[in-house]
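K.L.:
What follows is data-v8.txt; its format and atoms are compact mmCIF, C-alpha atoms.
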# COMPACT_ATOMS: atom_id res chain seq x y z
CA MET A 674 1.78 10.73 -20.97
CA LYS A 675 1.23 10.54 -17.20
CA LYS A 676 -1.48 12.72 -15.73
CA ARG A 677 -2.74 13.55 -12.24
CA ASP A 678 -2.95 11.03 -9.41
CA CYS A 679 -5.95 8.79 -9.87
CA ILE A 680 -7.83 5.81 -8.39
CA ILE A 681 -10.04 3.67 -10.63
CA LYS A 682 -12.31 0.95 -9.25
CA GLY A 683 -14.43 -1.68 -10.97
CA LEU A 684 -15.69 -5.26 -10.89
CA LEU A 685 -14.48 -8.34 -12.74
CA PHE A 686 -15.46 -11.94 -13.39
CA GLU A 687 -19.23 -11.80 -13.04
CA ASN A 688 -18.93 -9.01 -10.44
CA LYS A 689 -17.28 -11.33 -7.92
CA ILE A 690 -13.87 -9.63 -7.83
CA SER A 691 -13.29 -5.95 -7.08
CA ILE A 692 -10.26 -4.34 -8.67
CA ALA A 693 -8.61 -0.98 -8.12
CA LEU A 694 -5.74 0.71 -9.94
CA LEU A 695 -4.00 3.59 -8.18
CA ASP A 696 -1.39 6.12 -9.21
CA CYS A 697 -0.26 8.28 -6.28
CA THR A 698 3.06 9.54 -7.65
CA GLN A 699 2.37 13.23 -7.12
CA LEU A 700 1.10 12.98 -3.55
CA VAL A 701 4.13 10.85 -2.66
CA ASN A 702 6.41 13.56 -4.03
CA VAL A 703 4.64 16.17 -1.89
CA CYS A 704 5.22 13.96 1.17
CA ILE A 705 8.90 13.53 0.26
CA GLN A 706 9.34 17.28 -0.13
CA LYS A 707 7.47 18.25 3.05
CA HIS A 708 9.49 15.85 5.21
CA ASN A 709 12.79 15.89 3.28
CA LEU A 710 12.72 12.09 3.27
CA ALA A 711 15.70 9.87 2.57
CA PRO A 712 15.06 7.26 -0.18
CA LEU A 713 14.36 4.32 2.15
CA ALA A 714 11.86 6.29 4.25
CA ALA A 715 10.28 7.71 1.08
CA SER A 716 9.76 4.36 -0.64
CA THR A 717 8.38 2.80 2.54
CA ILE A 718 5.85 5.48 3.48
CA ALA A 719 4.85 5.71 -0.20
CA ARG A 720 3.54 2.14 -0.03
CA VAL A 721 1.55 2.95 3.10
CA LEU A 722 0.11 6.05 1.39
CA LEU A 723 -1.02 3.81 -1.48
CA VAL A 724 -2.88 1.53 0.94
CA ALA A 725 -4.42 4.49 2.76
CA SER A 726 -5.56 5.91 -0.58
CA TYR A 727 -7.19 2.58 -1.41
CA LEU A 728 -9.00 2.57 1.92
CA SER A 729 -10.05 6.20 1.61
CA ALA A 730 -11.53 5.59 -1.83
CA SER A 731 -13.95 3.11 -0.20
CA LEU A 732 -15.27 5.52 2.45
CA LYS A 733 -18.89 6.44 1.87
CA ASN A 734 -19.79 9.44 4.05
CA GLU A 735 -18.21 12.90 3.83
CA GLU A 736 -17.14 12.82 7.46
CA ASP A 737 -15.58 9.34 7.22
CA SER A 738 -11.82 8.93 7.64
CA CYS A 739 -9.19 6.26 8.12
CA SER A 740 -5.77 6.05 9.70
CA ILE A 741 -2.93 3.53 9.58
CA THR A 742 -0.32 3.14 12.30
CA ILE A 743 2.64 0.81 11.85
CA LYS A 744 4.75 0.13 14.92
CA GLY A 745 7.73 -2.09 14.18
CA ASP A 746 11.28 -2.71 15.36
CA GLY A 747 12.92 -1.28 12.24
CA LEU A 748 15.27 1.67 11.87
CA GLY A 749 12.58 4.00 10.56
CA GLY A 750 10.47 4.00 13.70
CA ASP A 751 6.70 4.33 13.63
CA ILE A 752 4.68 5.30 10.54
CA PHE A 753 1.43 7.26 10.66
CA VAL A 754 -0.79 7.82 7.61
CA SER A 755 -4.37 9.06 7.43
CA GLY A 756 -6.95 9.88 4.79
CA ASN A 757 -10.58 10.83 4.43
CA GLN A 758 -13.53 10.46 2.08
CA LYS A 759 -12.39 13.56 0.19
CA LEU A 760 -9.17 11.71 -0.69
CA GLN A 761 -7.01 14.06 1.37
CA LEU A 762 -3.97 12.01 2.39
CA ARG A 763 -1.17 12.83 4.80
CA GLY A 764 1.51 10.94 6.69
CA TYR A 765 4.87 10.93 8.42
CA ILE A 766 7.57 8.54 9.57
CA THR A 767 9.43 8.98 12.85
CA ASN A 768 12.91 8.70 11.31
CA GLY A 769 12.66 10.21 7.86
CA GLN A 770 16.43 10.08 7.39
CA VAL A 771 16.78 6.32 7.89
CA GLN A 772 19.47 4.92 5.60
CA GLN A 773 19.37 1.64 3.71
CA THR A 774 21.89 -1.01 4.75
CA ASN A 775 22.28 -2.16 1.13
CA GLU A 776 22.90 0.85 -1.11
CA ASN A 777 21.48 -0.98 -4.13
CA GLU A 778 18.20 -2.02 -2.51
CA LEU A 779 15.41 -0.11 -0.74
CA ASP A 780 14.34 -2.85 1.68
CA ALA A 781 11.20 -1.74 3.52
CA SER A 782 11.73 -4.37 6.22
CA THR A 783 14.91 -2.54 7.26
CA CYS A 784 12.78 0.55 7.77
CA ILE A 785 9.72 -1.07 9.36
CA GLY A 786 11.17 -4.19 10.93
CA LYS A 787 9.63 -7.65 11.00
CA ASN A 788 8.18 -7.57 14.49
CA GLY A 789 5.34 -5.25 15.37
CA THR A 790 1.75 -4.38 14.48
CA ILE A 791 -0.45 -2.69 11.92
CA THR A 792 -3.48 -0.87 13.30
CA VAL A 793 -6.18 0.50 11.03
CA LEU A 794 -8.88 2.85 12.34
CA TYR A 795 -11.72 3.82 10.03
CA GLN A 796 -15.36 4.79 9.88
CA ASP A 797 -17.84 2.63 8.00
CA ASN A 798 -21.00 4.66 7.36
CA GLY A 799 -20.15 6.74 10.41
CA LYS A 800 -19.48 3.73 12.65
CA PRO A 801 -15.93 3.56 14.10
CA CYS A 802 -14.05 0.31 13.43
CA MET A 803 -10.56 -0.92 14.29
CA GLY A 804 -8.39 -3.81 13.16
CA THR A 805 -4.94 -4.87 14.32
CA THR A 806 -2.65 -7.57 12.94
CA ASN A 807 0.98 -8.50 13.42
CA LEU A 808 3.61 -7.71 10.83
CA VAL A 809 4.44 -10.75 8.72
CA ALA A 810 7.25 -9.50 6.47
CA GLY A 811 7.82 -5.80 7.05
CA ASP A 812 7.55 -5.09 3.32
CA VAL A 813 4.10 -3.38 3.50
CA THR A 814 2.64 -5.44 0.64
CA GLU A 815 2.61 -8.83 2.37
CA ASP A 816 1.70 -7.18 5.65
CA PHE A 817 -1.45 -5.58 4.25
CA ILE A 818 -2.43 -8.67 2.28
CA ALA A 819 -2.35 -10.47 5.63
CA TYR A 820 -4.23 -7.62 7.30
CA PHE A 821 -7.11 -7.64 4.80
CA THR A 822 -7.24 -11.44 4.70
CA GLN A 823 -7.44 -11.70 8.49
CA SER A 824 -9.58 -8.67 9.29
CA GLU A 825 -12.06 -8.98 6.42
CA GLN A 826 -11.89 -12.75 5.98
CA ARG A 827 -11.73 -12.63 2.19
CA PHE A 828 -9.17 -13.23 -0.53
CA THR A 829 -7.01 -10.17 -1.14
CA ASP A 830 -3.99 -9.55 -3.35
CA MET A 831 -2.02 -6.34 -3.77
CA HIS A 832 0.89 -5.15 -5.86
CA LEU A 833 2.50 -1.99 -4.51
CA GLN A 834 5.29 -0.54 -6.59
CA VAL A 835 7.42 2.53 -5.89
CA LYS A 836 10.42 3.72 -7.91
CA LEU A 837 12.64 6.69 -7.11
CA ASP A 838 15.03 8.74 -9.22
CA SER A 839 18.67 9.05 -8.27
CA ASP A 840 17.83 12.40 -6.64
CA GLY A 841 15.20 10.81 -4.40
CA LYS A 842 12.15 12.04 -6.31
CA CYS A 843 9.36 9.52 -6.91
CA LYS A 844 9.20 8.36 -10.55
CA VAL A 845 6.11 6.26 -9.98
CA ALA A 846 3.99 5.03 -7.06
CA TYR A 847 1.18 2.75 -8.12
CA ALA A 848 -0.89 -0.15 -6.85
CA ILE A 849 -3.19 -2.88 -8.11
CA CYS A 850 -5.58 -4.26 -5.50
CA ILE A 851 -8.06 -7.10 -5.92
CA GLN A 852 -10.50 -8.49 -3.38
CA ALA A 853 -13.05 -11.28 -3.51
CA LEU A 854 -16.71 -10.45 -2.98
CA PRO A 855 -19.35 -12.71 -1.39
CA GLU A 856 -20.14 -16.01 -3.17
CA VAL A 857 -16.97 -15.86 -5.22
CA GLU A 858 -15.87 -19.15 -6.78
CA GLN A 859 -12.33 -20.51 -6.86
CA GLU A 860 -12.17 -20.25 -10.64
CA GLN A 861 -12.87 -16.52 -10.40
CA ILE A 862 -10.11 -16.14 -7.81
CA ASN A 863 -7.76 -18.03 -10.15
CA GLN A 864 -8.64 -15.63 -12.96
CA ALA A 865 -7.92 -12.67 -10.69
CA ILE A 866 -4.54 -14.12 -9.73
CA ALA A 867 -3.69 -14.61 -13.41
CA LEU A 868 -4.54 -10.96 -14.10
CA MET A 869 -2.30 -9.86 -11.23
CA HIS A 870 0.57 -11.87 -12.74
CA THR A 871 0.06 -9.93 -15.97
CA PHE A 872 0.46 -6.65 -14.11
CA TYR A 873 3.71 -7.83 -12.52
CA THR A 874 5.29 -7.65 -15.99
CA LEU A 875 4.10 -4.09 -16.66
CA ASP A 876 6.09 -2.09 -14.13
CA THR A 877 7.79 0.13 -16.72
CA LEU A 878 4.45 0.87 -18.39
CA PHE A 879 3.19 2.64 -15.26
CA GLU A 880 6.12 5.07 -15.47
CA ASP A 881 4.98 6.42 -18.84
CA GLU A 882 1.23 5.80 -19.20
CA ASP A 883 -1.66 7.14 -17.16
CA ILE A 884 -3.73 4.47 -15.43
CA VAL A 885 -6.88 5.29 -17.40
CA THR A 886 -5.07 4.11 -20.53
CA ILE A 887 -3.71 1.05 -18.70
CA TRP A 888 -7.19 0.23 -17.38
CA GLU A 889 -8.73 0.40 -20.82
CA ARG A 890 -5.98 -1.73 -22.32
CA TYR A 891 -5.63 -4.47 -19.70
CA VAL A 892 -8.65 -4.43 -17.35
CA GLN A 893 -11.29 -3.77 -19.99
CA THR A 894 -14.27 -3.47 -17.71
CA GLU A 895 -16.56 -0.63 -16.69
CA LYS A 896 -15.06 2.01 -14.41
CA LEU A 897 -17.37 2.20 -11.40
CA SER A 898 -15.53 5.19 -9.97
CA ILE A 899 -12.62 7.48 -10.77
CA LYS A 900 -11.27 9.54 -7.88
CA TYR A 901 -8.32 11.88 -7.43
CA PRO A 902 -6.23 11.66 -4.24
CA ARG A 903 -3.90 14.43 -3.09
CA TYR A 904 -1.56 15.12 -0.21
CA THR A 905 -3.37 17.64 1.97
CA CYS A 906 -2.98 18.20 5.69
CA THR A 907 -6.24 19.01 7.45
CA CYS A 908 -4.65 20.89 10.32
CA SER A 909 -5.47 24.59 10.86
CA LYS A 910 -4.92 27.38 13.35
CA GLU A 911 -8.60 27.23 14.25
CA GLY A 912 -8.32 23.51 14.99
CA MET A 913 -5.30 24.08 17.21
CA GLN A 914 -7.16 26.85 19.04
CA ALA A 915 -9.98 24.42 19.76
CA LEU A 916 -7.47 21.97 21.25
CA LEU A 917 -5.99 24.67 23.42
CA PHE A 918 -9.39 25.88 24.57
CA ALA A 919 -10.20 22.36 25.76
CA LEU A 920 -7.12 22.39 28.02
CA GLY A 921 -8.47 25.29 30.04
CA ARG A 922 -7.19 28.80 30.62
CA GLU A 923 -5.36 28.02 33.85
CA GLU A 924 -3.28 25.27 32.23
CA LEU A 925 -2.46 27.44 29.21
CA GLU A 926 -1.43 30.42 31.33
CA SER A 927 0.83 28.14 33.35
CA ILE A 928 2.61 27.03 30.17
CA ILE A 929 2.93 30.61 28.95
CA LYS A 930 4.40 31.69 32.30
CA GLU A 931 6.96 28.88 32.19
CA GLN A 932 7.87 28.87 28.49
CA GLY A 933 6.77 32.26 27.20
CA LYS A 934 4.72 30.70 24.41
CA ILE A 935 2.88 27.56 23.35
CA ASP A 936 4.31 25.81 20.32
CA ILE A 937 2.25 23.10 18.59
CA HIS A 938 3.90 21.16 15.77
CA CYS A 939 1.92 19.24 13.14
CA HIS A 940 4.02 16.24 12.14
CA TYR A 941 1.97 15.63 9.01
CA CYS A 942 2.89 18.90 7.29
CA ASN A 943 5.74 20.25 9.46
CA THR A 944 3.77 23.37 10.35
CA ASP A 945 4.37 25.12 13.68
CA TYR A 946 1.53 26.97 15.40
CA ILE A 947 2.83 29.42 17.99
CA PHE A 948 0.58 31.09 20.55
CA PHE A 949 1.58 33.90 22.93
CA LYS A 950 -0.16 35.36 25.98
CA GLU A 951 -2.27 37.77 23.92
CA ASP A 952 -3.46 34.86 21.77
CA ILE A 953 -4.63 32.99 24.84
CA ASP A 954 -6.34 36.11 26.18
CA ASN A 955 -8.16 36.56 22.85
CA LEU A 956 -9.13 32.90 22.87
CA TYR A 957 -11.16 33.32 26.04
CA THR A 958 -12.59 36.75 25.27
CA LYS A 959 -14.26 35.81 22.00
Please go through the file and, once you have read it, give me the structure as structure tokens.
P.N.:
Amino acid sequence: MKKRDCIIKGLLFENKISIALLDCTQLVNVCIQKHNLAPLAASTIARVLLVASYLSASLKNEEDSCSITIKGDGLGGDIFVSGNQKLQLRGYITNGQVQQTNENELDASTCIGKNGTITVLYQDNGKPCMGTTNLVAGDVTEDFIAYFTQSEQRFTDMHLQVKLDSDGKCKVAYAICIQALPEVEQEQINQAIALMHTFYTLDTLFEDEDIVTIWERYVQTEKLSIKYPRYTCTCSKEGMQALLFALGREELESIIKEQGKIDIHCHYCNTDYIFFKEDIDNLYTK
């Protein structure tokens, strides 16, 4: 029986290959619900949320975070996903109602496009880092394999799988990610590739079993970490007030005079923060 979303990480083949299994079905469903996503948009951003969850699970410090921006020429527009060391994930797609051109196939490249860029911003032990690569396929999987291979200069393979019900709800969103560590040998890479091929045949298993059971049955190595991601927006009224305060009272009063209020919309959770003249007055009298 499936349980809560989970990320398990460990080492294989004389500790030269890292492996991670992820189940993010529930957080994907929260994203679908919050943004009322059409199936193509849902299946596409779900894959990006899986990658962001994988990255977030590697962050070391409490204040560390990561963000992914995909800018392509597809019908879905831009995609923005972010996460942090606490495994709080959030994201949105510009055109959440994008429709598939083939009603029998959810082709991510239709949504993303095949021309554009992936940009990843993250903190490594508090140090900001950035990597950018061009899209290679627009299917998310091949694009991020290329990203990790180019940006980190090491062998990487990923299997990202998302399945939706007929009503658009996510049945399963899971990933298997392997990466080579320093001084890896080709034989160990070949063993990792063979293991990935085994997982390709197990898609239906992930719909019914929790990944702890799958790990114990097929990976059979020590679990170095088990973490639990969730869809949580980190926005707050206090945070929005801090942004407003930084603009300055004169600018804020000018907006209030012209529009009668200040309306700030968080795209990640579809929350509107509305501030009136008395709110601005209170902001500067505290």
K.L.:
With a distance cut-off of 8 Å and all atoms listed in the file, select the neighbouring residues of stretch 834-837 of chain A, excluding the residue or stretch itself and same-chain residues fewer than 2 positions from it, and output the selection as a PyMOL selection string.
P.N.:
chain A and resi 712+716+719-720+832+839-848+876
K.L.:
Suppose you want the space between atom CA of A:Thr698 and atom CA of A:Thr877; what is it in Å?
P.N.:
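Interatomic distance, atom CA of A:Thr698 to atom CA of A:Thr877: 13.9 Å.
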K.L.:
Near stretch 731-733 of chain A, within 7 Å and counting all atoms listed in the file, which residues show up once chain neighbours fewer than 2 positions away are dropped, as a list in words?
P.N.:
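The neighbour list is Tyr727, Leu728, Ser729, Glu735, Asp737, Gln758, Asp797 and Asn798 of chain A.
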K.L.:
Excluding same-chain residues fewer than 2 positions from stretch 899-906 of chain A, what lies within 6 Å of it counting all atoms listed in the file, as a VMD selection string?
P.N.:
chain A and resid 678 to 681 700 760 to 763 908
K.L.:
I need the residue nearest A:Gly769 from this list: A:His940, A:Val892, A:Ile862, A:Phe872. Use all atoms listed in the file for the distance.
P.N.:
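Nearest to A:Gly769: A:His940.
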K.L.:
Show me, as lines of an AutoDock Vina configuration file, the centre and edge lengths in Å to one decimal of the axis-aligned box that covers every listed atom of stretch 922-936 of chain A with 6 Å on each side.
P.N.:
center_x = 0.3
center_y = 28.8
center_z = 27.1
size_x = 27.1
size_y = 19.0
size_z = 25.5
K.L.:
For atom CA of A:His708 and atom CA of A:Met803, determine how far apart the two atoms are, in Å to one decimal place.
P.N.:
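We find that atom CA of A:His708 and atom CA of A:Met803 lie 27.7 Å from each other.
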K.L.:
Grab the atom CA of A:Gln823 to atom CA of A:Thr792 distance for me, in Å with one decimal place.
P.N.:
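We find that atom CA of A:Gln823 and atom CA of A:Thr792 lie 12.5 Å from each other.
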K.L.:
Can you tell me which residues surround stretch 827-830 of chain A at a distance of at most 7 Å, considering only C-alpha atoms, apart from same-chain residues fewer than 2 positions away, and format the answer as a VMD selection string?
P.N.:
chain A and resid 818 821 to 822 825 850 to 853
K.L.:
Which of these, A:Ile766, A:Cys697, A:Leu684, A:Ile953, has the shortest distance to A:Phe879 once you count only C-alpha atoms?
P.N.:
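The answer is A:Cys697, which sits nearest to A:Phe879.
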K.L.:
For A:Val721, which residue among A:Asp838, A:Glu687, A:Glu911, A:Asp751 is the nearest when counting all atoms listed in the file?
P.N.:
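Nearest candidate to A:Val721 out of A:Asp838, A:Glu687, A:Glu911, A:Asp751: A:Asp751.
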